[in-house]
Amino acid sequence: MNNTGYHVAPAQGFWLFVLILVPMVIAALWSAHQMDTAGHAITGMNNQVVWGLPHVFAVFLILCASGALNPASLSTVFGRTRYAPIARLSGVFAICLLVGGLVVLVLDLGRPDRLQVAITTYNFRSIFAWNVFGYTGFIVIVGVYLACSMDNAPRGAVKTAGYVAFAWRILLTSGTGAIFGVLVAREGYDAAILVPLFVATSFALGTAIFLIGLVLSFRWNGQVPDPEVLTKLGRLLAIFVLVVLCLVAVQTLTSLYGGRERGVVEFLLFSGGVYPVLFWLGQVGLGSILPLMLLYSRRARGCASILTASVLVMVGGLCQLYVLIIGGQVYPLRIFPGYRSSSSFFDGVVADYAPTLWEVLLGVGGVAMAVLLCLVAMRTLPLLPRALPLKPGTLVRDP
Amino acid sequence: MAAGDTSTLPRRELLGRASALAGLVVSFAPGMRLIDLAAAKPDGEAASAEVRWGMLVDTTRCVSGCDACVNACATEHGLEMTDRPEIDAQWIRKVDLIDEDSGKEISLPVMCQHCEDAPCVAVCPTGASFRREDGIVLVNQHTCIGCRYCMMACPYKARSFIHINLTGQRTHSPRGKGTVESCTFCVHRVDRDREPACVEACTAAGHQALLFGDLSDNEGELAQRLGEVQTQQLRSDLGTNPGVHYHGL
């Protein structure tokens, strides 16, 4: 293994993080056990809202995973050598985040004990089945990329693995977007633009979570990342946030103009109670406008601002996915156009959904598991580049 | 007398054969039973693509407030209601409609539409949702992983996820916590040449709003009725070609 220029994270602080994160992971497993024994009746999900908060977290982590590979792709595919020292970290973050997301996804299944069925029996017409290959393939390909870059493999091999990983991650997030995009019956989803929207969202979320992980892991090691890398990743983050905003605007305006989806858009943006609040305040305000101000404002342009902006982008991403996944389900299906409908099965009415503690524990536990895996990887593998020492008493050093 | 010449059977042998035939008929009385056995699909025989089971719902005969079909379904398949209707399994439900323009009120049952190009079948990752050759859409309860993607994809909200532990399931309706289920068109009855429980109950209630049969049999009553009255399929714009047709919408 080529360790030149890299080191393993120190033991100092490691067990403290483990002590904090392991109980969160155990809580998630306990929650999943409760859901498995008592049934999903203990969650807020029902026959109207079948995918709840765990799915929001799972999709969030999967998008973060794909996007966390940005620095590795910048280095290998786009030849930006500045990012080469952090490419390993980028690959490891990507794998760990994906594993965290998949754990949540699997534990939220009605029959998680039938996982072997899911990975041995396929219906190749199903986008979901394609995604199973997408997820496992991503872990294998990024794993090969990491192995090549750590094992003194020929430069050509690293580059090839990097190119394949880049193509695969685009396919992965496209597939995740397509899970919703092909749902022709639901007006909140049925749109091809969800595919590029998910790709762009993964770029934004992944860059944001990588920036946070980068700064914190360097801080853990008493170092500071290359300020220029932080600045440039911050600028990239701003561009990705703008692209997401643009795509959301296009999707919204198209729906309003087209008419068919006008009802669901008006619901999500104006009349839907908590959903417009999460959209305007969470996704647009806190998750887009404020980070853009922090990233573009001359006064605020610094590491602390980049870090704050990254946290806000992640908050905005969670709001975005909540509005999309939950809001798209609570809005009633239009089975009888031209009629007002009512039934004992809640036809024609907005469904109720409030996540329970079990769902929160499972979702947050998935994030904790991803972070825990990252820490274990950094503690056991030479992933951290030797960098500038940190000034005492500071979180990060402004560029 | 030539061997095998029955026209000249001795009287004793003729009486013996006649009484044996009579006994056979009596033992299977009433005569319907004989027809049943002849038409029922033997166990192990695959469903035939020459048949496409379907239904006509005549909303002009469906009575608002009548739940005979819903109750019959619940009894047939052991569907029990809880104090949380949002998580109860409903394979068939009565929907009340009001025309937004004319104010006309319509009542009709909605169940799995047994689509030819079923979205639930297309999206199911394990193939647990499947369509038999005869058009009946089912869920293999042994390979359903409970991902609920089929429920997201169904345009008719026809599927239910089992949120609680179940007991006392019927042998002909395998059900269990953590899996998805929906109307089976009472496949266990159809394979024995009987009508679905909802159809039988509607007829017994005197409404005859439900007609079940083979859509591909041009001489059959269902196909004949479909040729006589104006019908439509729910969300026909989606191109799923449901097996359930509605008259009076």
# chains A, B, ... in the order shown; residues from 1 in each chain; ligands from 1
>>> residues_around(residues="Ser342 (chain A)", least_positions_apart="5", cutoff="8 Å", atoms="only C-alpha atoms", output="ChimeraX atom specification")
/A:347-349 /B:95-97
>>> interface_residues(of="chain B", to="chain A", cutoff="6 Å", atoms="only C-alpha atoms", output="list in words")
Glu86, Ile87, Val95, Asp96, Leu97, Ile98, Asp99, Glu100, Ala122, Val123, Cys124, Pro125, Thr126, Gly127, Ile145, Gly146, Cys147, Ala153, Pro155, Ser160, His163, Ile164, Gly178 and Thr179 of chain B
>>> write_last_selection(atoms="N, CA and C atoms", output="short mmCIF file (atom, residue, chain, number, x, y, z; two decimals), in the first residue's frame")
data_model
loop_
_atom_site.label_atom_id
_atom_site.label_comp_id
_atom_site.auth_asym_id
_atom_site.auth_seq_id
_atom_site.Cartn_x
_atom_site.Cartn_y
_atom_site.Cartn_z
N GLU B 86 -56.87 4.04 8.65
CA GLU B 86 -55.81 4.41 7.70
C GLU B 86 -54.82 3.27 7.45
N ILE B 87 -54.79 2.28 8.36
CA ILE B 87 -53.88 1.16 8.13
C ILE B 87 -54.63 -0.15 7.83
N VAL B 95 -66.78 3.87 -3.35
CA VAL B 95 -66.40 5.28 -3.54
C VAL B 95 -67.64 6.04 -3.97
N ASP B 96 -67.88 7.17 -3.30
CA ASP B 96 -68.99 8.05 -3.69
C ASP B 96 -68.44 9.21 -4.50
N LEU B 97 -69.05 9.44 -5.65
CA LEU B 97 -68.58 10.50 -6.55
C LEU B 97 -69.66 11.55 -6.74
N ILE B 98 -69.22 12.78 -6.90
CA ILE B 98 -70.13 13.87 -7.27
C ILE B 98 -69.53 14.56 -8.50
N ASP B 99 -70.28 14.58 -9.58
CA ASP B 99 -69.81 15.22 -10.81
C ASP B 99 -69.64 16.72 -10.54
N GLU B 100 -68.44 17.23 -10.81
CA GLU B 100 -68.15 18.62 -10.49
C GLU B 100 -68.99 19.60 -11.32
N ALA B 122 -44.84 -4.06 -13.16
CA ALA B 122 -43.63 -3.50 -13.78
C ALA B 122 -42.61 -3.06 -12.74
N VAL B 123 -43.07 -2.45 -11.65
CA VAL B 123 -42.11 -1.86 -10.71
C VAL B 123 -41.62 -2.83 -9.64
N CYS B 124 -42.31 -3.94 -9.44
CA CYS B 124 -41.94 -4.84 -8.34
C CYS B 124 -40.51 -5.38 -8.54
N PRO B 125 -39.60 -5.10 -7.61
CA PRO B 125 -38.21 -5.50 -7.83
C PRO B 125 -37.97 -7.00 -7.85
N THR B 126 -38.79 -7.75 -7.11
CA THR B 126 -38.55 -9.20 -7.03
C THR B 126 -39.48 -10.02 -7.92
N GLY B 127 -40.41 -9.35 -8.57
CA GLY B 127 -41.37 -10.10 -9.39
C GLY B 127 -42.47 -10.74 -8.56
N ILE B 145 -41.19 -8.43 -0.52
CA ILE B 145 -40.27 -7.98 0.53
C ILE B 145 -40.84 -6.78 1.29
N GLY B 146 -42.02 -6.34 0.88
CA GLY B 146 -42.67 -5.23 1.59
C GLY B 146 -42.05 -3.87 1.31
N CYS B 147 -41.58 -3.68 0.06
CA CYS B 147 -40.96 -2.38 -0.28
C CYS B 147 -42.00 -1.32 -0.58
N ALA B 153 -46.95 2.91 -7.23
CA ALA B 153 -47.17 2.90 -8.67
C ALA B 153 -48.63 2.69 -9.06
N PRO B 155 -52.23 3.21 -9.91
CA PRO B 155 -53.02 4.44 -10.14
C PRO B 155 -54.39 4.40 -9.45
N SER B 160 -52.97 -2.71 -0.35
CA SER B 160 -52.84 -2.44 1.08
C SER B 160 -51.59 -3.11 1.61
N HIS B 163 -49.87 -3.70 8.24
CA HIS B 163 -49.10 -2.98 9.26
C HIS B 163 -49.06 -3.70 10.60
N ILE B 164 -49.86 -4.75 10.76
CA ILE B 164 -49.97 -5.40 12.08
C ILE B 164 -49.85 -6.92 11.94
N GLY B 178 -46.22 -7.11 6.97
CA GLY B 178 -45.03 -6.69 6.24
C GLY B 178 -45.08 -6.95 4.75
N THR B 179 -46.20 -7.40 4.25
CA THR B 179 -46.32 -7.62 2.80
C THR B 179 -47.50 -6.83 2.25
#
>>> closest_residue(among="A:Val367, A:Val243, A:Leu205, A:Ala354", to="Ile326 (chain A)", atoms="only C-alpha atoms")
A:Ala354
>>> select_by_dssp(residues="region 43-235 of chain B", states="helix (DSSP H, G or I)", output="number ranges by chain")
B: 68-77, 85-87, 119-123, 149-153, 187-190, 197-204, 221-228
>>> select_by_dssp(residues="region 77-179 of chain B", states="strand (DSSP E)", output="list in words")
Ile92, Arg93, Lys94, Val95, Asp96, Leu97, Ile98, Asp99, Glu105, Ile106, Ser107, Leu108, Pro109, Val110, Met111, Ser129, Phe130, Arg131, Val137, Leu138, Val139, Ser160 and Phe161 of chain B
>>> write_last_selection(atoms="N, CA and C atoms", output="PDB file, in the first residue's frame")
ATOM      1  N   ILE B  92     -61.476  -4.062  -1.558  1.00  0.00           N
ATOM      2  CA  ILE B  92     -62.527  -3.424  -2.362  1.00  0.00           C
ATOM      3  C   ILE B  92     -63.159  -2.359  -1.481  1.00  0.00           C
ATOM      4  N   ARG B  93     -63.471  -1.215  -2.067  1.00  0.00           N
ATOM      5  CA  ARG B  93     -64.059  -0.130  -1.288  1.00  0.00           C
ATOM      6  C   ARG B  93     -65.152   0.528  -2.109  1.00  0.00           C
ATOM      7  N   LYS B  94     -66.121   1.092  -1.418  1.00  0.00           N
ATOM      8  CA  LYS B  94     -67.147   1.851  -2.112  1.00  0.00           C
ATOM      9  C   LYS B  94     -66.711   3.304  -2.168  1.00  0.00           C
ATOM     10  N   VAL B  95     -66.777   3.872  -3.353  1.00  0.00           N
ATOM     11  CA  VAL B  95     -66.400   5.276  -3.539  1.00  0.00           C
ATOM     12  C   VAL B  95     -67.644   6.044  -3.974  1.00  0.00           C
ATOM     13  N   ASP B  96     -67.882   7.170  -3.304  1.00  0.00           N
ATOM     14  CA  ASP B  96     -68.994   8.048  -3.691  1.00  0.00           C
ATOM     15  C   ASP B  96     -68.442   9.207  -4.497  1.00  0.00           C
ATOM     16  N   LEU B  97     -69.054   9.436  -5.652  1.00  0.00           N
ATOM     17  CA  LEU B  97     -68.581  10.495  -6.554  1.00  0.00           C
ATOM     18  C   LEU B  97     -69.663  11.549  -6.741  1.00  0.00           C
ATOM     19  N   ILE B  98     -69.217  12.782  -6.902  1.00  0.00           N
ATOM     20  CA  ILE B  98     -70.130  13.873  -7.274  1.00  0.00           C
ATOM     21  C   ILE B  98     -69.531  14.555  -8.498  1.00  0.00           C
ATOM     22  N   ASP B  99     -70.277  14.578  -9.581  1.00  0.00           N
ATOM     23  CA  ASP B  99     -69.815  15.225 -10.809  1.00  0.00           C
ATOM     24  C   ASP B  99     -69.637  16.721 -10.540  1.00  0.00           C
ATOM     25  N   GLU B 105     -74.659  12.283  -8.594  1.00  0.00           N
ATOM     26  CA  GLU B 105     -73.991  11.449  -7.601  1.00  0.00           C
ATOM     27  C   GLU B 105     -73.919  10.005  -8.083  1.00  0.00           C
ATOM     28  N   ILE B 106     -72.780   9.398  -7.905  1.00  0.00           N
ATOM     29  CA  ILE B 106     -72.541   8.021  -8.338  1.00  0.00           C
ATOM     30  C   ILE B 106     -71.868   7.265  -7.201  1.00  0.00           C
ATOM     31  N   SER B 107     -72.251   6.015  -7.042  1.00  0.00           N
ATOM     32  CA  SER B 107     -71.593   5.158  -6.062  1.00  0.00           C
ATOM     33  C   SER B 107     -71.058   3.939  -6.796  1.00  0.00           C
ATOM     34  N   LEU B 108     -69.841   3.561  -6.501  1.00  0.00           N
ATOM     35  CA  LEU B 108     -69.268   2.401  -7.210  1.00  0.00           C
ATOM     36  C   LEU B 108     -68.168   1.744  -6.378  1.00  0.00           C
ATOM     37  N   PRO B 109     -67.950   0.464  -6.617  1.00  0.00           N
ATOM     38  CA  PRO B 109     -66.844  -0.202  -5.931  1.00  0.00           C
ATOM     39  C   PRO B 109     -65.544  -0.073  -6.724  1.00  0.00           C
ATOM     40  N   VAL B 110     -64.435   0.047  -6.014  1.00  0.00           N
ATOM     41  CA  VAL B 110     -63.112   0.077  -6.658  1.00  0.00           C
ATOM     42  C   VAL B 110     -62.256  -1.009  -6.024  1.00  0.00           C
ATOM     43  N   MET B 111     -61.661  -1.798  -6.865  1.00  0.00           N
ATOM     44  CA  MET B 111     -60.775  -2.857  -6.398  1.00  0.00           C
ATOM     45  C   MET B 111     -59.587  -2.912  -7.352  1.00  0.00           C
ATOM     46  N   SER B 129     -45.126  -9.262  -7.489  1.00  0.00           N
ATOM     47  CA  SER B 129     -46.369  -8.858  -8.154  1.00  0.00           C
ATOM     48  C   SER B 129     -46.325  -9.444  -9.553  1.00  0.00           C
ATOM     49  N   PHE B 130     -47.318 -10.230  -9.884  1.00  0.00           N
ATOM     50  CA  PHE B 130     -47.295 -10.858 -11.200  1.00  0.00           C
ATOM     51  C   PHE B 130     -48.708 -10.962 -11.767  1.00  0.00           C
ATOM     52  N   ARG B 131     -48.747 -11.188 -13.071  1.00  0.00           N
ATOM     53  CA  ARG B 131     -50.034 -11.296 -13.758  1.00  0.00           C
ATOM     54  C   ARG B 131     -50.149 -12.695 -14.337  1.00  0.00           C
ATOM     55  N   VAL B 137     -54.152 -10.358 -11.588  1.00  0.00           N
ATOM     56  CA  VAL B 137     -52.916  -9.824 -10.998  1.00  0.00           C
ATOM     57  C   VAL B 137     -52.870 -10.219  -9.522  1.00  0.00           C
ATOM     58  N   LEU B 138     -51.775 -10.830  -9.130  1.00  0.00           N
ATOM     59  CA  LEU B 138     -51.644 -11.336  -7.761  1.00  0.00           C
ATOM     60  C   LEU B 138     -50.321 -10.909  -7.135  1.00  0.00           C
ATOM     61  N   VAL B 139     -50.204 -11.132  -5.840  1.00  0.00           N
ATOM     62  CA  VAL B 139     -48.931 -10.912  -5.131  1.00  0.00           C
ATOM     63  C   VAL B 139     -48.477 -12.258  -4.570  1.00  0.00           C
ATOM     64  N   SER B 160     -52.966  -2.712  -0.352  1.00  0.00           N
ATOM     65  CA  SER B 160     -52.843  -2.438   1.077  1.00  0.00           C
ATOM     66  C   SER B 160     -51.592  -3.112   1.614  1.00  0.00           C
ATOM     67  N   PHE B 161     -50.955  -2.427   2.547  1.00  0.00           N
ATOM     68  CA  PHE B 161     -49.786  -2.985   3.229  1.00  0.00           C
ATOM     69  C   PHE B 161     -50.253  -3.451   4.603  1.00  0.00           C
TER      70      PHE B 161
END
>>> residues_around(residues="Trp91 (chain B)", least_positions_apart="2", cutoff="8 Å", atoms="only C-alpha atoms", output="PyMOL selection string")
chain B and resi 73+89+93+111-112+158-160+181-183
>>> closest_residue(among="B:Leu238, B:Ile162, B:Cys150, B:Cys115", to="Trp53 (chain B)", atoms="only C-alpha atoms")
B:Cys115
>>> atom_distance(atom1="CA of Arg170 (chain B)", atom2="CA of Cys144 (chain B)")
18.5 Å
>>> atom_distance(atom1="CA of Met150 (chain A)", atom2="CA of Leu307 (chain A)")
28.4 Å
>>> residues_around(residues="region 254-268 of chain A", least_positions_apart="3", cutoff="7 Å", atoms="only C-alpha atoms", output="JSON list (two decimals) with all heavy atoms, in the first residue's frame")
[["chain", "number", "residue", "atom", "x", "y", "z"],
["A", 187, "GLU", "N", -49.23, 12.67, -9.61],
["A", 187, "GLU", "CA", -48.94, 13.95, -10.27],
["A", 187, "GLU", "C", -47.73, 14.65, -9.67],
["A", 187, "GLU", "O", -47.08, 15.44, -10.34],
["A", 187, "GLU", "CB", -50.17, 14.85, -10.20],
["A", 187, "GLU", "CG", -51.30, 14.32, -11.06],
["A", 187, "GLU", "CD", -52.67, 14.79, -10.59],
["A", 187, "GLU", "OE1", -52.75, 15.85, -9.95],
["A", 187, "GLU", "OE2", -53.65, 14.08, -10.85],
["A", 188, "GLY", "N", -47.42, 14.34, -8.42],
["A", 188, "GLY", "CA", -46.27, 14.99, -7.79],
["A", 188, "GLY", "C", -44.94, 14.43, -8.26],
["A", 188, "GLY", "O", -43.89, 15.02, -8.01],
["A", 250, "VAL", "N", -38.05, 25.29, -13.03],
["A", 250, "VAL", "CA", -38.54, 24.79, -14.33],
["A", 250, "VAL", "C", -39.65, 23.77, -14.11],
["A", 250, "VAL", "O", -40.72, 23.83, -14.74],
["A", 250, "VAL", "CB", -37.38, 24.17, -15.15],
["A", 250, "VAL", "CG1", -37.93, 23.43, -16.37],
["A", 250, "VAL", "CG2", -36.41, 25.25, -15.59],
["A", 251, "GLN", "N", -39.41, 22.82, -13.18],
["A", 251, "GLN", "CA", -40.41, 21.79, -12.92],
["A", 251, "GLN", "C", -41.72, 22.42, -12.43],
["A", 251, "GLN", "O", -42.81, 22.07, -12.89],
["A", 251, "GLN", "CB", -39.89, 20.81, -11.86],
["A", 251, "GLN", "CG", -40.85, 19.65, -11.61],
["A", 251, "GLN", "CD", -40.55, 18.89, -10.33],
["A", 251, "GLN", "OE1", -39.74, 19.33, -9.51],
["A", 251, "GLN", "NE2", -41.19, 17.76, -10.15],
["A", 271, "SER", "N", -50.92, 25.85, -0.40],
["A", 271, "SER", "CA", -52.05, 25.53, 0.48],
["A", 271, "SER", "C", -51.85, 24.28, 1.34],
["A", 271, "SER", "O", -52.73, 23.93, 2.11],
["A", 271, "SER", "CB", -53.31, 25.33, -0.38],
["A", 271, "SER", "OG", -53.11, 24.22, -1.27],
["A", 272, "GLY", "N", -50.71, 23.64, 1.22],
["A", 272, "GLY", "CA", -50.54, 22.31, 1.84],
["A", 272, "GLY", "C", -50.06, 22.28, 3.26],
["A", 272, "GLY", "O", -49.48, 21.28, 3.69],
["A", 275, "TYR", "N", -46.09, 21.61, 4.16],
["A", 275, "TYR", "CA", -45.26, 21.41, 2.96],
["A", 275, "TYR", "C", -44.80, 22.74, 2.33],
["A", 275, "TYR", "O", -43.62, 22.87, 1.99],
["A", 275, "TYR", "CB", -45.97, 20.49, 1.97],
["A", 275, "TYR", "CG", -46.27, 19.16, 2.62],
["A", 275, "TYR", "CD1", -47.55, 18.89, 3.11],
["A", 275, "TYR", "CD2", -45.28, 18.22, 2.83],
["A", 275, "TYR", "CE1", -47.82, 17.70, 3.78],
["A", 275, "TYR", "CE2", -45.54, 17.03, 3.49],
["A", 275, "TYR", "CZ", -46.81, 16.78, 3.97],
["A", 275, "TYR", "OH", -47.07, 15.61, 4.64],
["A", 276, "PRO", "N", -45.68, 23.74, 2.17],
["A", 276, "PRO", "CA", -45.19, 25.03, 1.67],
["A", 276, "PRO", "C", -44.16, 25.66, 2.61],
["A", 276, "PRO", "O", -43.21, 26.30, 2.14],
["A", 276, "PRO", "CB", -46.46, 25.89, 1.59],
["A", 276, "PRO", "CG", -47.57, 24.92, 1.47],
["A", 276, "PRO", "CD", -47.15, 23.73, 2.26],
["A", 327, "GLY", "N", -44.88, 14.85, 0.55],
["A", 327, "GLY", "CA", -45.90, 15.72, -0.04],
["A", 327, "GLY", "C", -46.53, 15.11, -1.28],
["A", 327, "GLY", "O", -47.73, 15.24, -1.52],
["A", 331, "TYR", "N", -50.92, 14.11, -1.20],
["A", 331, "TYR", "CA", -51.87, 14.69, -2.15],
["A", 331, "TYR", "C", -52.66, 13.55, -2.81],
["A", 331, "TYR", "O", -52.08, 12.59, -3.30],
["A", 331, "TYR", "CB", -51.13, 15.51, -3.21],
["A", 331, "TYR", "CG", -52.06, 16.31, -4.09],
["A", 331, "TYR", "CD1", -52.66, 17.47, -3.61],
["A", 331, "TYR", "CD2", -52.36, 15.89, -5.38],
["A", 331, "TYR", "CE1", -53.53, 18.19, -4.39],
["A", 331, "TYR", "CE2", -53.24, 16.62, -6.18],
["A", 331, "TYR", "CZ", -53.81, 17.77, -5.68],
["A", 331, "TYR", "OH", -54.68, 18.48, -6.46]]
>>> residues_around(residues="Leu249 (chain B)", least_positions_apart="4", cutoff="9 Å", atoms="only C-alpha atoms", output="list in words")
Asp58, Thr59, Thr60, Ile106, Thr231 and Gln232 of chain B
>>> residues_around(residues="Pro385 (chain A)", least_positions_apart="3", cutoff="7 Å", atoms="only C-alpha atoms", output="PyMOL selection string")
chain A and resi 5-7+85-86
>>> atom_distance(atom1="CA of Thr184 (chain B)", atom2="CA of Val244 (chain B)")
12.7 Å
>>> closest_residue(among="A:Val164, A:Leu237, A:Val158, A:Val350", to="Met314 (chain A)", atoms="only C-alpha atoms")
A:Leu237
>>> residues_around(residues="Gly365 (chain A)", least_positions_apart="4", cutoff="10 Å", atoms="only C-alpha atoms", output="VMD selection string")
chain A and resid 21 to 29 31 54 57 100 to 101 103 to 104 359 to 361 369 to 371
>>> write_last_selection(atoms="C-alpha atoms", output="PDB file, in the first residue's frame")
ATOM      1  CA  LEU A  21     -22.413   7.100  17.520  1.00  0.00           C
ATOM      2  CA  VAL A  22     -22.784   3.453  18.560  1.00  0.00           C
ATOM      3  CA  PRO A  23     -25.829   4.119  20.799  1.00  0.00           C
ATOM      4  CA  MET A  24     -27.441   5.933  17.860  1.00  0.00           C
ATOM      5  CA  VAL A  25     -26.837   2.941  15.621  1.00  0.00           C
ATOM      6  CA  ILE A  26     -28.161   0.581  18.299  1.00  0.00           C
ATOM      7  CA  ALA A  27     -31.245   2.779  18.654  1.00  0.00           C
ATOM      8  CA  ALA A  28     -31.822   2.474  14.899  1.00  0.00           C
ATOM      9  CA  LEU A  29     -31.489  -1.310  15.028  1.00  0.00           C
ATOM     10  CA  SER A  31     -36.328   0.698  16.144  1.00  0.00           C
ATOM     11  CA  PRO A  54     -36.926   6.589   6.700  1.00  0.00           C
ATOM     12  CA  PHE A  57     -33.209   9.780   5.053  1.00  0.00           C
ATOM     13  CA  GLY A 100     -25.829   4.118   5.700  1.00  0.00           C
ATOM     14  CA  GLY A 101     -28.620   4.868   3.243  1.00  0.00           C
ATOM     15  CA  VAL A 103     -29.214   0.116   5.841  1.00  0.00           C
ATOM     16  CA  VAL A 104     -32.144   2.488   6.417  1.00  0.00           C
ATOM     17  CA  GLU A 359     -38.797   6.537  12.174  1.00  0.00           C
ATOM     18  CA  VAL A 360     -36.610   9.363  13.468  1.00  0.00           C
ATOM     19  CA  LEU A 361     -34.383   6.860  15.287  1.00  0.00           C
ATOM     20  CA  MET A 369     -23.813   4.520  10.869  1.00  0.00           C
ATOM     21  CA  ALA A 370     -22.403   6.334   7.833  1.00  0.00           C
ATOM     22  CA  VAL A 371     -20.360   8.658  10.043  1.00  0.00           C
TER      23      VAL A 371
END
>>> closest_residue(among="A:Gln34, A:Pro71, A:Gly363, A:Phe198", to="Gly181 (chain A)", atoms="only C-alpha atoms")
A:Phe198
